[in-house]
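Printed here is protein29.txt (compact mmCIF, C-alpha atoms and all ligand atoms):
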```txt
# COMPACT_ATOMS: atom_id res chain seq x y z
CA MET I 1 12.36 6.21 56.29
CA LYS I 2 12.68 9.30 54.13
CA GLU I 3 14.76 7.50 51.51
CA LEU I 4 12.27 4.67 51.26
CA ASN I 5 9.54 7.11 50.47
CA ALA I 6 11.50 8.49 47.57
CA GLY I 7 8.72 7.31 45.25
CA SER I 8 6.10 9.44 46.99
CA ASP I 9 8.47 12.44 46.98
CA GLY I 10 8.81 11.97 43.24
CA ALA I 11 5.04 11.89 42.82
CA GLY I 12 4.78 15.08 44.91
CA ARG I 13 7.37 16.73 42.69
CA GLY I 14 5.32 15.61 39.66
CA ARG I 15 2.20 17.22 41.10
CA ARG I 16 4.09 20.46 41.76
CA CYS I 17 5.29 20.38 38.12
CA VAL I 18 1.69 19.99 36.97
CA CYS I 19 0.59 23.01 39.06
CA VAL I 20 3.44 25.16 37.72
CA CYS I 21 2.60 24.19 34.10
CA VAL I 22 -1.08 24.96 34.59
CA CYS I 23 -0.30 28.36 36.17
CA VAL I 24 2.13 29.30 33.36
CA CYS I 25 -0.40 28.30 30.68
CA LEU I 26 -3.21 30.25 32.38
CA CYS I 27 -1.08 33.41 32.69
CA GLU I 28 0.01 33.12 29.06
CA ALA I 29 -3.56 32.48 27.94
CA SER I 30 -4.86 35.54 29.81
CA ARG I 31 -2.12 37.78 28.30
CA GLU I 32 -2.81 36.48 24.78
CA HIS I 33 -6.53 36.80 25.44
CA GLU I 34 -6.13 40.51 26.19
CA SER I 35 -4.03 41.24 23.08
CA ALA I 36 -6.27 39.06 20.82
CA LYS I 37 -9.36 40.86 22.10
CA MET I 38 -7.83 44.20 21.11
CA ALA I 39 -6.44 43.02 17.75
CA ASP I 40 -9.12 40.71 16.37
CA PRO I 41 -12.07 39.40 18.47
CA ALA I 42 -12.51 36.48 15.99
CA MET I 43 -9.10 35.20 17.02
CA LEU I 44 -10.20 34.96 20.62
CA ASN I 45 -11.80 31.50 20.44
CA LYS I 46 -8.87 30.05 18.53
CA VAL I 47 -6.40 31.40 21.09
CA ILE I 48 -8.44 29.98 23.97
CA VAL I 49 -8.69 26.53 22.32
CA ALA I 50 -4.98 26.51 21.50
CA TYR I 51 -4.03 27.35 25.09
CA VAL I 52 -6.44 24.86 26.61
CA LEU I 53 -4.90 22.15 24.41
CA LEU I 54 -1.40 23.32 25.28
CA GLY I 55 -2.29 23.30 28.98
CA LEU I 56 -3.72 19.78 28.80
CA GLY I 57 -0.64 18.57 26.92
CA ALA I 58 1.65 20.12 29.51
CA VAL I 59 -0.33 18.51 32.34
CA ALA I 60 -0.18 15.09 30.67
CA LEU I 61 3.55 15.41 29.99
CA ALA I 62 4.29 16.60 33.52
CA ARG I 63 2.33 13.67 34.95
CA VAL I 64 4.26 11.16 32.87
CA LEU I 65 7.63 12.74 33.67
CA GLY I 66 6.73 13.08 37.36
CA GLY I 67 5.68 9.41 37.50
CA LEU I 68 8.86 8.33 35.74
CA ALA I 69 11.03 10.43 38.06
CA GLY I 70 9.27 8.95 41.11
CA TRP I 71 9.76 5.42 39.75
CA LEU I 72 13.47 5.95 39.05
CA LEU I 73 13.98 7.45 42.50
CA ARG I 74 12.16 4.60 44.19
CA TYR I 75 13.94 1.72 42.49
CA PHE I 76 17.36 3.05 41.57
CA LEU I 77 18.17 5.35 44.46
CA ARG I 78 16.80 3.03 47.12
CA PRO I 79 19.69 0.55 46.83
CA ASN I 80 21.97 3.38 47.99
CA ALA I 81 19.69 4.18 50.92
CA ALA I 82 19.82 2.25 54.18
CA PRO I 83 17.45 -0.73 54.22
CA ALA I 84 14.85 -0.63 56.97
CA SER I 85 16.46 -1.30 60.32
CA TYR I 86 15.33 -4.21 62.47
CA ALA I 87 17.42 -3.10 65.44
CA ALA I 88 14.25 -2.32 67.44
CA PHE I 89 13.05 -5.90 66.85
CA ARG I 90 16.34 -7.59 67.71
CA GLY I 91 15.85 -10.66 69.90
CA GLU I 92 12.08 -10.51 69.47
CA TRP I 93 9.98 -13.03 67.52
CA ALA I 94 8.68 -13.18 63.98
CA VAL I 95 5.94 -15.62 62.93
CA VAL I 96 5.98 -16.95 59.36
CA THR I 97 3.10 -19.02 58.00
CA GLY I 98 3.82 -21.48 55.17
CA ALA I 99 7.44 -21.47 56.27
CA SER I 100 8.70 -24.85 55.05
CA GLN I 101 9.71 -23.80 51.52
CA GLY I 102 9.49 -21.11 48.85
CA VAL I 103 8.85 -17.50 49.83
CA GLY I 104 8.10 -18.46 53.46
CA GLU I 105 11.52 -20.12 53.77
CA GLY I 106 13.05 -16.97 52.26
CA PHE I 107 11.40 -14.83 54.97
CA VAL I 108 12.60 -17.20 57.72
CA ARG I 109 16.21 -17.02 56.53
CA GLU I 110 16.17 -13.24 56.08
CA LEU I 111 14.45 -12.52 59.41
CA ALA I 112 17.03 -14.64 61.23
CA LYS I 113 19.80 -12.65 59.51
CA ARG I 114 18.18 -9.54 61.01
CA LYS I 115 18.62 -11.10 64.48
CA MET I 116 15.01 -12.08 64.97
CA ASN I 117 13.88 -15.36 66.49
CA VAL I 118 11.43 -17.12 64.21
CA VAL I 119 8.33 -19.30 64.62
CA LEU I 120 7.88 -21.58 61.60
CA LEU I 121 4.38 -22.81 60.74
CA ALA I 122 3.45 -25.36 58.05
CA ARG I 123 2.39 -29.01 57.75
CA SER I 124 5.72 -30.70 56.90
CA GLU I 125 7.30 -30.93 60.33
CA GLU I 126 10.49 -32.59 59.11
CA LYS I 127 11.14 -29.88 56.53
CA LEU I 128 10.51 -27.20 59.16
CA LYS I 129 12.88 -28.84 61.65
CA THR I 130 15.64 -29.15 59.03
CA LEU I 131 15.22 -25.49 58.03
CA ALA I 132 15.09 -24.34 61.67
CA ALA I 133 18.29 -26.24 62.49
CA ASP I 134 20.03 -24.74 59.47
CA VAL I 135 18.92 -21.22 60.40
CA GLU I 136 20.11 -21.62 64.01
CA ARG I 137 23.45 -22.96 62.80
CA GLN I 138 23.94 -20.02 60.43
CA ASN I 139 22.79 -17.34 62.87
CA THR I 140 24.40 -17.73 66.26
CA GLY I 141 22.10 -16.94 69.17
CA ILE I 142 18.91 -17.05 67.11
CA LYS I 143 16.09 -19.23 68.42
CA THR I 144 13.44 -20.95 66.33
CA LYS I 145 10.18 -22.67 67.19
CA VAL I 146 8.61 -25.21 64.87
CA ILE I 147 4.85 -25.70 64.99
CA ARG I 148 3.10 -28.18 62.75
CA PHE I 149 -0.15 -26.49 61.72
CA ASP I 150 -2.63 -27.20 58.93
CA PHE I 151 -4.48 -24.02 57.93
CA ASP I 152 -6.85 -26.04 55.79
CA SER I 153 -8.26 -28.27 58.51
CA ALA I 154 -7.66 -25.97 61.52
CA THR I 155 -10.62 -25.60 63.87
CA ALA I 156 -11.30 -22.81 66.36
CA LYS I 157 -9.78 -25.10 69.01
CA ASP I 158 -6.59 -25.51 66.93
CA TYR I 159 -6.26 -21.74 66.54
CA ALA I 160 -6.79 -21.31 70.30
CA ALA I 161 -4.04 -23.85 71.00
CA LEU I 162 -1.74 -22.04 68.56
CA GLU I 163 -2.45 -18.74 70.29
CA ALA I 164 -1.64 -20.30 73.65
CA SER I 165 1.70 -21.59 72.35
CA LEU I 166 2.64 -18.12 71.05
CA LYS I 167 1.37 -16.26 74.13
CA ASP I 168 4.70 -15.95 75.93
CA LEU I 169 6.68 -14.88 72.88
CA ASN I 170 7.23 -11.24 72.16
CA VAL I 171 6.02 -11.28 68.54
CA SER I 172 6.67 -8.09 66.58
CA VAL I 173 6.66 -9.36 62.98
CA LEU I 174 4.01 -11.47 61.25
CA VAL I 175 4.36 -12.75 57.69
CA ASN I 176 0.99 -13.97 56.39
CA ASN I 177 2.62 -16.02 53.66
CA VAL I 178 0.77 -19.33 53.51
CA GLY I 179 -1.12 -19.69 50.25
CA VAL I 180 -2.50 -22.34 47.92
CA ASN I 181 -3.86 -22.31 44.41
CA VAL I 182 -5.32 -24.73 41.89
CA PRO I 183 -2.50 -26.82 40.32
CA PHE I 184 -2.89 -25.08 36.95
CA PRO I 185 -5.24 -22.48 35.43
CA THR I 186 -8.84 -23.72 35.49
CA ASP I 187 -12.14 -22.01 34.75
CA PHE I 188 -14.11 -21.07 37.87
CA VAL I 189 -16.97 -23.44 37.00
CA ASP I 190 -14.57 -26.39 36.74
CA VAL I 191 -12.90 -25.88 40.12
CA GLU I 192 -13.99 -28.52 42.63
CA PRO I 193 -16.04 -26.92 45.45
CA GLU I 194 -13.65 -28.49 47.97
CA ALA I 195 -10.65 -26.80 46.30
CA GLU I 196 -12.54 -23.51 46.31
CA ASP I 197 -13.16 -23.76 50.07
CA ARG I 198 -9.56 -24.83 50.72
CA ILE I 199 -8.14 -21.79 48.90
CA VAL I 200 -10.39 -19.49 50.94
CA ARG I 201 -9.52 -21.19 54.26
CA VAL I 202 -5.77 -21.27 53.68
CA ASN I 203 -5.37 -17.87 52.03
CA ILE I 204 -8.04 -15.74 53.72
CA THR I 205 -9.10 -17.36 57.00
CA SER I 206 -5.48 -17.95 58.05
CA THR I 207 -4.68 -14.28 57.39
CA ASN I 208 -7.64 -13.06 59.43
CA LYS I 209 -6.98 -15.42 62.33
CA MET I 210 -3.22 -14.84 62.54
CA THR I 211 -3.59 -11.07 62.30
CA ARG I 212 -6.30 -11.00 64.96
CA MET I 213 -4.12 -13.22 67.16
CA LEU I 214 -0.92 -11.14 66.96
CA LEU I 215 -1.87 -7.55 66.13
CA PRO I 216 -3.28 -6.55 69.58
CA ALA I 217 0.10 -7.13 71.27
CA MET I 218 1.87 -5.12 68.55
CA ILE I 219 -0.57 -2.28 69.14
CA ALA I 220 -0.03 -2.50 72.90
CA ASN I 221 3.78 -2.52 72.45
CA LYS I 222 3.57 0.28 69.90
CA LYS I 223 5.74 -1.53 67.39
CA GLY I 224 5.34 -4.19 64.75
CA ALA I 225 5.32 -5.13 61.10
CA ILE I 226 2.87 -7.27 59.19
CA TYR I 227 3.46 -8.51 55.64
CA MET I 228 0.65 -9.98 53.56
CA MET I 229 1.91 -12.17 50.71
CA SER I 230 -0.67 -11.12 48.20
CA SER I 231 0.14 -11.41 44.48
CA ALA I 232 0.14 -9.48 41.24
CA ALA I 233 -2.60 -11.94 40.23
CA GLY I 234 -5.81 -10.33 41.41
CA THR I 235 -4.28 -6.98 42.35
CA VAL I 236 -2.26 -5.34 39.58
CA SER I 237 -3.20 -8.00 37.05
CA PRO I 238 -6.53 -9.74 36.41
CA ALA I 239 -6.50 -13.49 37.06
CA PRO I 240 -8.95 -15.28 34.76
CA MET I 241 -8.70 -19.08 35.16
CA LEU I 242 -7.16 -18.44 38.60
CA SER I 243 -10.15 -16.43 39.69
CA ILE I 244 -10.59 -17.72 43.25
CA TYR I 245 -6.88 -17.46 44.01
CA GLY I 246 -6.77 -13.95 42.51
CA ALA I 247 -9.79 -12.90 44.56
CA THR I 248 -8.19 -14.15 47.79
CA LYS I 249 -5.03 -12.18 46.97
CA ALA I 250 -7.09 -9.05 46.29
CA TYR I 251 -8.70 -9.58 49.71
CA MET I 252 -5.28 -9.71 51.40
CA ASP I 253 -4.17 -6.63 49.51
CA SER I 254 -7.28 -4.69 50.46
CA LEU I 255 -7.05 -5.80 54.10
CA ALA I 256 -3.42 -4.64 54.24
CA ILE I 257 -4.28 -1.21 52.84
CA SER I 258 -7.15 -0.68 55.28
CA LEU I 259 -5.29 -2.02 58.31
CA SER I 260 -2.25 0.10 57.53
CA GLY I 261 -4.40 3.18 58.13
CA GLU I 262 -5.81 1.86 61.40
CA VAL I 263 -2.49 0.94 63.00
CA ALA I 264 -0.02 3.52 61.69
CA ARG I 265 -0.52 5.59 64.84
CA TYR I 266 0.71 2.63 66.90
CA ASN I 267 3.96 2.42 64.93
CA VAL I 268 2.83 -0.82 63.26
CA SER I 269 3.32 -1.17 59.49
CA VAL I 270 1.11 -3.36 57.31
CA GLN I 271 2.26 -4.03 53.75
CA SER I 272 0.92 -6.06 50.88
CA CYS I 273 3.62 -7.78 48.81
CA ILE I 274 2.44 -8.12 45.22
CA PRO I 275 4.94 -10.13 43.14
CA PHE I 276 4.52 -11.68 39.72
CA TYR I 277 6.43 -14.97 39.57
CA VAL I 278 9.00 -15.91 42.23
CA VAL I 279 11.02 -19.16 42.18
CA SER I 280 9.01 -21.77 44.14
CA GLU I 281 7.09 -25.00 44.01
CA MET I 282 3.85 -23.10 43.48
CA SER I 283 5.12 -21.02 40.55
CA LYS I 284 6.91 -24.06 39.07
CA PHE I 285 9.86 -21.80 38.24
CA ARG I 286 12.97 -23.65 39.38
CA LYS I 287 15.60 -21.03 38.47
CA SER I 288 15.74 -17.30 38.98
CA SER I 289 15.89 -14.95 36.00
CA PHE I 290 15.45 -11.25 35.28
CA THR I 291 11.67 -11.46 35.72
CA VAL I 292 11.61 -14.27 38.32
CA PRO I 293 13.61 -13.49 41.50
CA SER I 294 14.64 -16.16 43.98
CA ALA I 295 12.40 -16.52 47.04
CA THR I 296 15.14 -15.41 49.44
CA PHE I 297 16.01 -12.32 47.39
CA TYR I 298 12.32 -11.42 47.13
CA ALA I 299 11.86 -11.78 50.92
CA LYS I 300 14.96 -9.63 51.48
CA LEU I 301 13.53 -6.85 49.30
CA CYS I 302 10.23 -6.89 51.21
CA LEU I 303 11.97 -6.75 54.59
CA ASP I 304 14.33 -3.98 53.45
CA ALA I 305 11.31 -1.91 52.42
CA ARG I 306 9.50 -2.17 55.77
CA GLY I 307 7.32 0.85 56.35
CA SER I 308 7.57 2.18 52.78
CA ASP I 309 4.81 1.61 50.20
CA VAL I 310 1.68 -0.12 51.50
CA GLN I 311 1.39 -1.98 48.20
CA LEU I 312 4.90 -3.26 47.90
CA ASN I 313 6.11 -4.10 44.42
CA ALA I 314 9.52 -4.76 45.89
CA TYR I 315 11.24 -6.14 42.77
CA TRP I 316 11.51 -3.38 40.15
CA PRO I 317 11.09 -5.56 37.00
CA HIS I 318 7.73 -6.66 38.47
CA ASP I 319 6.70 -3.04 38.89
CA ALA I 320 7.76 -2.34 35.30
CA MET I 321 5.63 -5.31 34.19
CA ALA I 322 2.67 -3.98 36.18
CA ASN I 323 3.05 -0.53 34.62
CA ALA I 324 3.28 -2.01 31.13
CA LEU I 325 0.13 -4.04 31.74
CA ARG I 326 -1.71 -0.94 33.00
CA LEU I 327 -1.17 0.73 29.63
CA LEU I 328 -3.75 -1.68 28.20
CA PRO I 329 -7.47 -1.14 28.78
CA LEU I 330 -8.79 -3.55 31.44
CA LYS I 331 -10.73 -5.56 28.89
CA SER I 332 -7.54 -6.19 26.90
CA GLN I 333 -5.64 -7.09 30.07
CA VAL I 334 -8.30 -9.67 30.94
CA SER I 335 -8.23 -11.14 27.47
CA TYR I 336 -4.39 -11.20 27.36
CA VAL I 337 -4.11 -13.00 30.72
CA ASN I 338 -6.94 -15.35 29.80
CA ASP I 339 -5.08 -16.40 26.63
CA LEU I 340 -1.82 -16.75 28.54
CA HIS I 341 -3.42 -18.92 31.23
CA GLY I 342 -5.19 -20.96 28.54
CA LYS I 343 -1.79 -21.78 27.03
CA ILE I 344 -0.31 -22.63 30.44
CA ARG I 345 -3.26 -24.94 31.07
CA ALA I 346 -2.85 -26.69 27.71
CA ARG I 347 0.87 -27.29 28.43
CA ALA I 348 0.10 -28.58 31.93
CA LEU I 349 -2.55 -30.98 30.64
CA LYS I 350 -0.15 -32.34 27.99
CA LYS I 351 2.53 -32.86 30.64
CA LYS I 352 0.04 -34.65 32.87
CA GLU I 353 -0.97 -36.91 29.97
CA ARG I 354 2.67 -37.74 29.21
CA GLU I 355 3.29 -38.61 32.86
CA GLN I 356 0.20 -40.82 33.01
CA LYS I 357 1.30 -42.67 29.85
CA ALA I 358 4.79 -43.18 31.27
CA GLN I 359 3.42 -44.90 34.38
N1 LIG N 401 5.80 -18.10 43.95
C1 LIG N 401 5.17 -17.14 43.27
O1 LIG N 401 5.41 -16.95 42.08
C2 LIG N 401 4.18 -16.28 43.97
C3 LIG N 401 3.69 -15.16 43.30
C4 LIG N 401 2.77 -14.35 43.92
C5 LIG N 401 2.37 -14.63 45.21
N2 LIG N 401 2.84 -15.72 45.85
C6 LIG N 401 2.35 -16.00 47.21
O2 LIG N 401 3.45 -16.26 48.06
C7 LIG N 401 3.06 -17.17 49.08
C8 LIG N 401 4.05 -18.31 49.14
O3 LIG N 401 4.04 -18.96 47.89
P1 LIG N 401 5.16 -19.99 47.43
O4 LIG N 401 5.31 -19.79 46.00
O5 LIG N 401 6.31 -19.93 48.32
O6 LIG N 401 4.34 -21.37 47.65
P2 LIG N 401 4.87 -22.83 47.97
O7 LIG N 401 6.25 -23.02 47.49
O8 LIG N 401 3.81 -23.74 47.45
O9 LIG N 401 4.88 -22.86 49.56
C9 LIG N 401 3.70 -22.82 50.28
C10 LIG N 401 3.97 -22.96 51.75
O10 LIG N 401 2.73 -23.02 52.40
C11 LIG N 401 2.66 -24.23 53.19
N3 LIG N 401 1.28 -24.71 53.18
C12 LIG N 401 0.54 -25.07 52.11
N4 LIG N 401 -0.67 -25.50 52.53
C13 LIG N 401 -0.69 -25.39 53.86
C14 LIG N 401 -1.65 -25.68 54.86
N5 LIG N 401 -2.83 -26.19 54.57
N6 LIG N 401 -1.33 -25.45 56.13
C15 LIG N 401 -0.10 -24.97 56.47
N7 LIG N 401 0.84 -24.68 55.58
C16 LIG N 401 0.55 -24.90 54.29
C17 LIG N 401 3.63 -25.17 52.53
O11 LIG N 401 4.18 -26.09 53.45
P3 LIG N 401 3.57 -27.53 53.76
O12 LIG N 401 3.27 -28.16 52.46
O13 LIG N 401 4.67 -28.16 54.51
O14 LIG N 401 2.38 -27.30 54.59
C18 LIG N 401 4.73 -24.21 52.10
O15 LIG N 401 5.58 -23.95 53.17
C19 LIG N 401 1.64 -17.62 48.73
O16 LIG N 401 0.72 -16.90 49.50
C20 LIG N 401 1.50 -17.24 47.27
O17 LIG N 401 0.17 -16.96 46.93
C21 LIG N 401 3.74 -16.55 45.26
```
Could you take the file, read its structure, and then write that structure out as C-alpha cells?
Ligand SMILES: NC(=O)c1ccc[n+]([C@@H]2O[C@H](COP(=O)([O-])OP(=O)(O)OC[C@H]3O[C@@H](n4cnc5c(N)ncnc54)[C@H](OP(=O)(O)O)[C@@H]3O)[C@@H](O)[C@H]2O)c1
Amino acid sequence: MKELNAGSDGAGRGRRCVCVCVCVCLCEASREHESAKMADPAMLNKVIVAYVLLGLGAVALARVLGGLAGWLLRYFLRPNAAPASYAAFRGEWAVVTGASQGVGEGFVRELAKRKMNVVLLARSEEKLKTLAADVERQNTGIKTKVIRFDFDSATAKDYAALEASLKDLNVSVLVNNVGVNVPFPTDFVDVEPEAEDRIVRVNITSTNKMTRMLLPAMIANKKGAIYMMSSAAGTVSPAPMLSIYGATKAYMDSLAISLSGEVARYNVSVQSCIPFYVVSEMSKFRKSSFTVPSATFYAKLCLDARGSDVQLNAYWPHDAMANALRLLPLKSQVSYVNDLHGKIRARALKKKEREQKAQ
C-alpha cells in the first residue's frame, strides 16, 4: 500500500521542506540580527521585517511545491504501482446497491474481474438479470445473486428480509452506490417534499442500513472494504440548486471519514468516492471525455485505490478541477456553481418544453 500513499508521502516531504526553510531563515535572521545590531541599531527592524517576509514567502512556496509534488506522485506514479490486490477477497461476495446501470454496473463488472461474487441490488429485475448473466459469462466461476429491492419504499421488514438473504454469504466488499437526485437543478424551496424525502431515504438511509447490516461481519473477519459513492457536489464543490442531493453526499463523505477511523484497526477500509461527472443516466452524459470518465473506468480506479485516500478523487482530472475550484473564495464558488446550475436548468426546461410540444 506504500505506493498508493504516495500522495501523503509527498505532503510529508512538503512539510519537511517547510521546516528546513523556516530553520534556514531563522538562522540567517539571527546572524544578520547580530551584525546589524553592531553596525547600525536602526537597521535592526528593517532586517527583522525583511527576514520575516522572506521566511513567510519560503513557507508559502514550499507548501505549494510540496503539494504539487504530492499530487504528481499520487496521480502519475500510481499507474506504475500495483493496483490494490483483491486476492484476499477472492471467491467472497461483494454487495453493490443501485447495480442495474451506470456507476453501479461499472462496480459489478470490475468486482467480478477481480474474482469476487457479486450481489446486485436495484429495482429493475430484468436489467439486473441480464447484467448478472453477462458478468457470469465473461468471468468463469463467478457467481451472482440478483435481489430486487426498492430503497425508496423499503420498510424495516424489507431490510430484515434482505439481511436474512445475505446472511449466509461471506460479504467482504460493500459499495453504497445507489443514489437519486432531482431531474435538473431546482431551488430548495421548489423541490417537492416527497422528492426531498426520497433523496434522503435512497441516498442516506440506504447507506446507514446497508453499512450496519454488513460491517459487523467484516469487523469479525478482520477484513473488508466499503465504498461510499458520494460526489464532488456537496463535498469539494458547493451544490446550490442541488442542495438536498449535495447535502446527502456530504453526509456520506463525512460518514466514510469517521468510520474509516473506527474500523482501520480491523483491517476494514472505508472510502468516499467524490467524482464530478461520470457517464450515466443520472449525469446525462452519454459519452466519455477528458473530464467525464466512463462508469466502468471510474469504478476500476476506485477499486484499484482500495485502502489509499479516505476521500478518493480517483480520476486525476477531477482532482485538478477540485483544486482549481478551491482557488476561489467559497462565496465565489457558490455563485459560480449557482450560475452554472441556473443555465443547466434553463436548458433542461427548454428541452422539456420542446418535447411536450412534439407530443
Ligand atoms: N454519474 C455521475 O456523474 C455521478 C457523479 C457523482 C456522484 N454520482 C453518484 O454515483 C451513484 C450512481 O450514480 P449513477 O450516475 O450511476 O446513477 P444512475 O445511472 O441513475 O443509476 C442509479 C442506480 O440506482 C438504482 N436505483 C435508483 N433508485 C433506486 C431505488 N429506489 N431503489 C433501488 N435502486 C435504485 C437504479 O436502478 P433501478 O432504476 O433499476 O432501481 C440504478 O441502478 C449515485 O450515488 C450518484 O449520486 C454520480
### Task
Using all atoms listed in the file, find each protein or nucleic acid residue lying at most 8 Å from ligand LIG 401 (chain N); present the set as a PyMOL selection string.
chain I and resi 97-105+121-125+127-128+148-153+176-181+198+202-203+229-233+245+249+273-285+292+295
Please produce a file of those selected residues containing C-alpha atoms, as a CSV table (one decimal), in the frame of the given file.
```csv
chain,number,residue,atom,x,y,z
I,97,THR,CA,3.1,-19.0,58.0
I,98,GLY,CA,3.8,-21.5,55.2
I,99,ALA,CA,7.4,-21.5,56.3
I,100,SER,CA,8.7,-24.8,55.0
I,101,GLN,CA,9.7,-23.8,51.5
I,102,GLY,CA,9.5,-21.1,48.8
I,103,VAL,CA,8.8,-17.5,49.8
I,104,GLY,CA,8.1,-18.5,53.5
I,105,GLU,CA,11.5,-20.1,53.8
I,121,LEU,CA,4.4,-22.8,60.7
I,122,ALA,CA,3.4,-25.4,58.0
I,123,ARG,CA,2.4,-29.0,57.8
I,124,SER,CA,5.7,-30.7,56.9
I,125,GLU,CA,7.3,-30.9,60.3
I,127,LYS,CA,11.1,-29.9,56.5
I,128,LEU,CA,10.5,-27.2,59.2
I,148,ARG,CA,3.1,-28.2,62.8
I,149,PHE,CA,-0.2,-26.5,61.7
I,150,ASP,CA,-2.6,-27.2,58.9
I,151,PHE,CA,-4.5,-24.0,57.9
I,152,ASP,CA,-6.8,-26.0,55.8
I,153,SER,CA,-8.3,-28.3,58.5
I,176,ASN,CA,1.0,-14.0,56.4
I,177,ASN,CA,2.6,-16.0,53.7
I,178,VAL,CA,0.8,-19.3,53.5
I,179,GLY,CA,-1.1,-19.7,50.2
I,180,VAL,CA,-2.5,-22.3,47.9
I,181,ASN,CA,-3.9,-22.3,44.4
I,198,ARG,CA,-9.6,-24.8,50.7
I,202,VAL,CA,-5.8,-21.3,53.7
I,203,ASN,CA,-5.4,-17.9,52.0
I,229,MET,CA,1.9,-12.2,50.7
I,230,SER,CA,-0.7,-11.1,48.2
I,231,SER,CA,0.1,-11.4,44.5
I,232,ALA,CA,0.1,-9.5,41.2
I,233,ALA,CA,-2.6,-11.9,40.2
I,245,TYR,CA,-6.9,-17.5,44.0
I,249,LYS,CA,-5.0,-12.2,47.0
I,273,CYS,CA,3.6,-7.8,48.8
I,274,ILE,CA,2.4,-8.1,45.2
I,275,PRO,CA,4.9,-10.1,43.1
I,276,PHE,CA,4.5,-11.7,39.7
I,277,TYR,CA,6.4,-15.0,39.6
I,278,VAL,CA,9.0,-15.9,42.2
I,279,VAL,CA,11.0,-19.2,42.2
I,280,SER,CA,9.0,-21.8,44.1
I,281,GLU,CA,7.1,-25.0,44.0
I,282,MET,CA,3.8,-23.1,43.5
I,283,SER,CA,5.1,-21.0,40.6
I,284,LYS,CA,6.9,-24.1,39.1
I,285,PHE,CA,9.9,-21.8,38.2
I,292,VAL,CA,11.6,-14.3,38.3
I,295,ALA,CA,12.4,-16.5,47.0
```
### Task
Within 7 Å of Met241 (chain I), counting only C-alpha atoms, which residues show up once you throw out same-chain ones fewer than 4 positions away? Write them as an MDAnalysis selection string, please.
chainID I and resid 185:188 338 341
Output the selection as a PDB file, keeping the file's coordinate frame - C-alpha atoms for each residue.
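Writing the result to result22.pdb gives the following:
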```pdb
ATOM      1  CA  PRO I 185      -5.240 -22.480  35.430  1.00  0.00           C
ATOM      2  CA  THR I 186      -8.840 -23.720  35.490  1.00  0.00           C
ATOM      3  CA  ASP I 187     -12.140 -22.010  34.750  1.00  0.00           C
ATOM      4  CA  PHE I 188     -14.110 -21.070  37.870  1.00  0.00           C
ATOM      5  CA  ASN I 338      -6.940 -15.350  29.800  1.00  0.00           C
ATOM      6  CA  HIS I 341      -3.420 -18.920  31.230  1.00  0.00           C
TER       7      HIS I 341
END
```
### Message
At a cut-off of 7 Å, using only C-alpha atoms, what residues contact Gly224 (chain I)? Leave out same-chain residues fewer than 5 positions from it and give the result as a list in words.
### Response
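Once the nearby chain positions are removed, what remains is Ser172, Val173, Met218, Asn267, Val268 and Ser269 of chain I.
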### Query
Which value, in Å to one decimal, gives the distance between CA of Thr235 (chain I) and CA of Ala247 (chain I)?
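Those two atoms sit 8.4 Å apart.
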### Message
When you look at Pro238 (chain I) with a cut-off of 10 Å (counting all atoms listed in the file), what residues show up, excluding the ones that are within fewer than 4 positions of it in the same chain? I need them as a ChimeraX atom specification.
### Response
/I:232-234,242-243,246-247,250,325,330-331,333-338
### Message
Residues within 10 Å of Val108 (chain I), please, as a PyMOL selection string. Count all atoms listed in the file; anything in the same chain fewer than 5 positions from it doesn't count.
### Response
chain I and resi 94-97+99-101+103+113+116-120+131-132+135+144+175+296+299
### Task
Identify, on the basis of all atoms listed in the file, every residue whose closest approach to Ala320 (chain I) does not exceed 10 Å; exclude the query and any residue fewer than 6 positions from it along the same chain; express the result as a list in words.
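Everything that qualifies: Trp71, Thr291, Asn313 and Arg326 of chain I.
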### Task
Between CA of Thr211 (chain I) and CA of Arg90 (chain I), measure the distance and give it in Å to one decimal.
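Computing the Euclidean distance for CA of Thr211 (chain I) and CA of Arg90 (chain I) yields 20.9 Å.
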### Message
So the first atom is CA of Cys302 (chain I) and the second is CA of Ile244 (chain I); what is the distance between them in Å, to one decimal place?
### Response
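Straight-line distance from CA of Cys302 (chain I) to CA of Ile244 (chain I) works out to 24.8 Å.
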### Query
Closest to Ala82 (chain I) among I:Thr205, I:Val191, I:Ala60, I:Ala305, using only C-alpha atoms?
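Closest to Ala82 (chain I), using only C-alpha atoms: I:Ala305.
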